[in-house]
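Worksheet: one structure, shown below.
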Amino acid sequence: MAEAIRVENVTKRFGEVVALDRINISFEKGKIYGIIGRNGSGKTVLFKTMIGYLKPTGGRVVVGEKEIGKDIDFADNMGIIIENPGFLSRYTGYKNLEYLASIRKLIGREQIRESMERVGLDPDSRKKVGKYSLGMRQRLGIAQAIMENPDILILDEPMNGLDNQGVNDVRDILLGLKKEGKTVILASHNKEDIEVLCDTVYEMEHGRLV
Amino acid sequence: MSESVFIRLFAGVPSDYFEAIPLIPFGQWLLPIGFFLLTVGFYAERNRKVEIFSLYRYGTVSDWWTKHFVKRVILGIKTAMLLLLIVLTCDIVMGKLILLSAGFLAKISVLWLFHSISMAAFFVLLDLFPIRRFVPGVLFLLEGMTFMIGCRICAVSHAMYGMWGMYLRSSLNETGGFPVGVIIVTEAVLLAASFAVGREYLKKETDYI
């Protein structure tokens, strides 16, 4: 099967601290991958490096045929959630997504509304994001990640703060995306999420794959 | 004329003070500058929250920088104009501006506006560096310190950034002062330089978020 992302011998250092130590992974199209590991094991650093937010100290990340940091700064076919989703708190959920969608200009109102409905949020709600619960913010984070129909999804703890219904909804969405041929790479502390969703699981410890 | 709030806040500190730092007119000058920096800082902080979701959507860092820089400078212009308008409206409502000509008010406004634009450009540039939380304070100090140096050392007063937005310290005023044309060009150069320095810095940067 074709590769979506290839991480080749990637090392990332912050001063003396080695956050990633010679990581080699290949992610194929149409599969769901799980990255597990304790806090500080390097999962988020790996994700940020794959997105292009951190440049590796050594090695390279290739998305499709293009090398991050050389051919492109950021992949144009990605959707992401990293850390706790941050939004403009005085805007509604819809307005936040509209603002983000206005950058790439790939989608219109309908797709924004659709992605919100898909995660169980009301696009017509006048509630400001500042009044959202953690679970609602997380749903909105997922909506922004999927709204432009990206080929690759990088999701760092996407189930954070979700209730049982929310977790089931997100699982269904991710399995649906897999059927559409999308590549999903997710980090989760929840073993059940990993078991139910992932085709392949990698574990990280002290910046290494174990 | 001196009763006009607009003049007191935006025309600058009169040059008829010797040796001592004119605290009250100086404080009045710094007041709208402080509001301006706080407003621009508030929006910078607000947009930073969503940067993790917005940055990668620009595709390239240089595209992000260009749009980010332009947006933030426009925000600075809007904020500066809003402050000018609010104070002008207050003066009109209180009947303090009846004797002043539109040309006179325009000269004050243009100088203040250009000064604000250069400050907004510095703000966006400094916001890239780890000192970002202190940027409003740093710029406020730059404004204050350079003005005080200009007051103390007459020979360098025309070259002091803190003087450049003040009508009363400019060649447009009857008492004379810094050459307005040169200063406006210099502030335009500072704007372009801020953009170029930011772009070069980002090329060498390894960690964006």
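We label chains A, B, ... in the order they appear in the structure tokens, count residues from 1 in each chain, and number ligands from 1 in the order shown.
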- Item | Residue set, stretch 103-181 of chain B restricted to helix (DSSP H, G or I), as a PyMOL selection string | chain B and resi 103-126+132-152+154-159+161-163+167-169+180-181
Keeping C-alpha atoms for every residue in the selection just given, could you write it to a file as a PDB file, in the first residue's frame?
```pdb
ATOM      1  CA  GLY B 103      -5.931  71.149   8.388  1.00  0.00           C
ATOM      2  CA  PHE B 104      -4.425  71.578  11.837  1.00  0.00           C
ATOM      3  CA  LEU B 105      -6.275  68.524  13.157  1.00  0.00           C
ATOM      4  CA  ALA B 106      -5.305  66.523  10.066  1.00  0.00           C
ATOM      5  CA  LYS B 107      -1.598  67.277  10.567  1.00  0.00           C
ATOM      6  CA  ILE B 108      -1.760  66.093  14.192  1.00  0.00           C
ATOM      7  CA  SER B 109      -3.690  62.972  13.179  1.00  0.00           C
ATOM      8  CA  VAL B 110      -1.370  62.034  10.309  1.00  0.00           C
ATOM      9  CA  LEU B 111       1.758  62.304  12.453  1.00  0.00           C
ATOM     10  CA  TRP B 112       0.184  60.236  15.229  1.00  0.00           C
ATOM     11  CA  LEU B 113      -1.121  57.695  12.746  1.00  0.00           C
ATOM     12  CA  PHE B 114       2.266  57.174  11.067  1.00  0.00           C
ATOM     13  CA  HIS B 115       3.892  56.815  14.465  1.00  0.00           C
ATOM     14  CA  SER B 116       1.280  54.198  15.464  1.00  0.00           C
ATOM     15  CA  ILE B 117       1.848  52.254  12.244  1.00  0.00           C
ATOM     16  CA  SER B 118       5.570  51.981  12.923  1.00  0.00           C
ATOM     17  CA  MET B 119       4.784  50.926  16.497  1.00  0.00           C
ATOM     18  CA  ALA B 120       2.368  48.252  15.238  1.00  0.00           C
ATOM     19  CA  ALA B 121       5.092  46.954  12.893  1.00  0.00           C
ATOM     20  CA  PHE B 122       7.613  46.776  15.762  1.00  0.00           C
ATOM     21  CA  PHE B 123       4.956  44.994  17.793  1.00  0.00           C
ATOM     22  CA  VAL B 124       4.431  42.243  15.199  1.00  0.00           C
ATOM     23  CA  LEU B 125       8.172  41.782  14.802  1.00  0.00           C
ATOM     24  CA  LEU B 126       8.968  41.603  18.537  1.00  0.00           C
ATOM     25  CA  ARG B 132       6.374  38.378  23.359  1.00  0.00           C
ATOM     26  CA  ARG B 133       4.529  38.882  26.678  1.00  0.00           C
ATOM     27  CA  PHE B 134       6.592  41.969  27.416  1.00  0.00           C
ATOM     28  CA  VAL B 135       6.249  43.619  24.017  1.00  0.00           C
ATOM     29  CA  PRO B 136       3.703  46.299  25.061  1.00  0.00           C
ATOM     30  CA  GLY B 137       5.950  47.220  28.000  1.00  0.00           C
ATOM     31  CA  VAL B 138       9.087  47.241  25.850  1.00  0.00           C
ATOM     32  CA  LEU B 139       7.509  49.574  23.285  1.00  0.00           C
ATOM     33  CA  PHE B 140       6.058  51.803  25.985  1.00  0.00           C
ATOM     34  CA  LEU B 141       9.542  52.101  27.487  1.00  0.00           C
ATOM     35  CA  LEU B 142      11.074  52.772  24.059  1.00  0.00           C
ATOM     36  CA  GLU B 143       8.611  55.611  23.548  1.00  0.00           C
ATOM     37  CA  GLY B 144       9.175  57.053  27.024  1.00  0.00           C
ATOM     38  CA  MET B 145      12.930  56.643  27.228  1.00  0.00           C
ATOM     39  CA  THR B 146      13.684  58.073  23.797  1.00  0.00           C
ATOM     40  CA  PHE B 147      11.459  61.051  24.531  1.00  0.00           C
ATOM     41  CA  MET B 148      13.261  61.722  27.805  1.00  0.00           C
ATOM     42  CA  ILE B 149      16.669  61.417  26.137  1.00  0.00           C
ATOM     43  CA  GLY B 150      15.485  63.866  23.471  1.00  0.00           C
ATOM     44  CA  CYS B 151      14.378  66.306  26.165  1.00  0.00           C
ATOM     45  CA  ARG B 152      17.709  66.109  27.981  1.00  0.00           C
ATOM     46  CA  CYS B 154      18.832  68.703  22.533  1.00  0.00           C
ATOM     47  CA  ALA B 155      21.376  67.745  19.839  1.00  0.00           C
ATOM     48  CA  VAL B 156      19.840  64.293  19.375  1.00  0.00           C
ATOM     49  CA  SER B 157      16.185  65.154  19.949  1.00  0.00           C
ATOM     50  CA  HIS B 158      15.276  64.999  16.231  1.00  0.00           C
ATOM     51  CA  ALA B 159      16.607  61.461  16.048  1.00  0.00           C
ATOM     52  CA  TYR B 161      11.764  57.845  18.215  1.00  0.00           C
ATOM     53  CA  GLY B 162       9.647  59.066  21.135  1.00  0.00           C
ATOM     54  CA  MET B 163       9.419  62.531  19.538  1.00  0.00           C
ATOM     55  CA  TYR B 167       3.094  67.650  16.119  1.00  0.00           C
ATOM     56  CA  LEU B 168       4.386  70.137  18.676  1.00  0.00           C
ATOM     57  CA  ARG B 169       7.949  68.827  18.198  1.00  0.00           C
ATOM     58  CA  VAL B 180       8.296  65.805   9.012  1.00  0.00           C
ATOM     59  CA  GLY B 181       9.048  64.439   5.514  1.00  0.00           C
TER      60      GLY B 181
END
```
Closest atom pairs, chain B residues within 9 Å of chain A, only C-alpha atoms, as JSON lines:
```
{"residue": "B:Arg46", "atom": "CA", "partner": "A:Leu88", "partner_atom": "CA", "distance": 6.6}
{"residue": "B:Asn47", "atom": "CA", "partner": "A:Leu88", "partner_atom": "CA", "distance": 7.0}
{"residue": "B:Arg48", "atom": "CA", "partner": "A:Gly86", "partner_atom": "CA", "distance": 8.6}
{"residue": "B:Lys49", "atom": "CA", "partner": "A:Gly86", "partner_atom": "CA", "distance": 5.0}
{"residue": "B:Val50", "atom": "CA", "partner": "A:Phe87", "partner_atom": "CA", "distance": 5.0}
{"residue": "B:Glu51", "atom": "CA", "partner": "A:Gly86", "partner_atom": "CA", "distance": 8.1}
{"residue": "B:Ile52", "atom": "CA", "partner": "A:Ile82", "partner_atom": "CA", "distance": 7.4}
{"residue": "B:Phe53", "atom": "CA", "partner": "A:Ile80", "partner_atom": "CA", "distance": 7.2}
{"residue": "B:Ser54", "atom": "CA", "partner": "A:Leu100", "partner_atom": "CA", "distance": 6.1}
{"residue": "B:Leu55", "atom": "CA", "partner": "A:Tyr53", "partner_atom": "CA", "distance": 8.6}
{"residue": "B:Tyr56", "atom": "CA", "partner": "A:Phe74", "partner_atom": "CA", "distance": 5.5}
{"residue": "B:Arg57", "atom": "CA", "partner": "A:Arg104", "partner_atom": "CA", "distance": 6.1}
{"residue": "B:Tyr58", "atom": "CA", "partner": "A:Ile103", "partner_atom": "CA", "distance": 6.4}
{"residue": "B:Gly59", "atom": "CA", "partner": "A:Phe74", "partner_atom": "CA", "distance": 5.2}
{"residue": "B:Thr60", "atom": "CA", "partner": "A:Asp73", "partner_atom": "CA", "distance": 5.0}
{"residue": "B:Val61", "atom": "CA", "partner": "A:Asp73", "partner_atom": "CA", "distance": 6.5}
{"residue": "B:Glu205", "atom": "CA", "partner": "A:Lys55", "partner_atom": "CA", "distance": 8.5}
{"residue": "B:Thr206", "atom": "CA", "partner": "A:Lys55", "partner_atom": "CA", "distance": 5.0}
{"residue": "B:Asp207", "atom": "CA", "partner": "A:Leu54", "partner_atom": "CA", "distance": 4.4}
{"residue": "B:Tyr208", "atom": "CA", "partner": "A:Tyr53", "partner_atom": "CA", "distance": 5.1}
{"residue": "B:Ile209", "atom": "CA", "partner": "A:Tyr53", "partner_atom": "CA", "distance": 5.6}
```
Mind dumping the selected residues with C-alpha atoms as an mmCIF file, in the first residue's frame?
```
data_model
loop_
_atom_site.group_PDB
_atom_site.id
_atom_site.type_symbol
_atom_site.label_atom_id
_atom_site.label_comp_id
_atom_site.auth_asym_id
_atom_site.auth_seq_id
_atom_site.Cartn_x
_atom_site.Cartn_y
_atom_site.Cartn_z
ATOM 1 C CA ARG B 46 -6.312 36.313 21.394
ATOM 2 C CA ASN B 47 -5.132 35.174 17.958
ATOM 3 C CA ARG B 48 -2.227 33.241 19.431
ATOM 4 C CA LYS B 49 -4.712 30.791 20.969
ATOM 5 C CA VAL B 50 -5.855 29.637 17.564
ATOM 6 C CA GLU B 51 -2.413 29.692 15.921
ATOM 7 C CA ILE B 52 -1.893 25.954 16.348
ATOM 8 C CA PHE B 53 -4.866 25.377 14.019
ATOM 9 C CA SER B 54 -4.221 28.260 11.659
ATOM 10 C CA LEU B 55 -0.457 28.242 10.985
ATOM 11 C CA TYR B 56 -0.254 24.994 8.978
ATOM 12 C CA ARG B 57 -3.228 26.066 6.858
ATOM 13 C CA TYR B 58 -1.111 28.820 5.280
ATOM 14 C CA GLY B 59 1.091 26.175 3.627
ATOM 15 C CA THR B 60 4.321 28.139 3.997
ATOM 16 C CA VAL B 61 5.767 30.156 6.845
ATOM 17 C CA GLU B 205 13.759 29.467 13.011
ATOM 18 C CA THR B 206 13.399 25.742 13.704
ATOM 19 C CA ASP B 207 10.478 25.652 16.132
ATOM 20 C CA TYR B 208 7.319 27.518 15.172
ATOM 21 C CA ILE B 209 4.955 26.256 17.864
#
```
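Across the structure, atom CA of A:Ile146 and atom CA of A:Gly108 are spaced 13.6 Å apart.
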- Tell me, as a count of residues only, which residues lie within 10 Å of A:Met116, counting only C-alpha atoms; anything in the same chain fewer than 3 positions away does not count. 21
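Of note, atom CA of A:Leu186 and atom CA of A:Arg60 are spaced 20.1 Å apart.
Using only C-alpha atoms, the contacts of stretch 21-30 of chain B at a cut-off of 6 Å, with sequence neighbours closer than 3 positions omitted, comprise Leu9, Gly12, Val13, Ile33 and Gly34 of chain B.
The two atoms in question, atom CA of B:Phe129 and atom CA of B:Tyr201, are spaced 9.4 Å apart.
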- Using only C-alpha atoms, determine which residues lie at most 8 Å from B:Phe36, disregarding the query and same-chain residues fewer than 6 positions distant; provide the list as a PyMOL selection string. chain B and resi 76+79-80+83+116
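Among the candidates B:Ala193, B:Leu88, B:Leu37, B:Ala11, the residue lying nearest to B:Asn173 is B:Ala11 (atoms considered: only C-alpha atoms).
Nearest to A:Leu209 of all the residues A:Ser125, A:Asn24, A:Ser133, A:Asn168 is A:Asn24, based on only C-alpha atoms.
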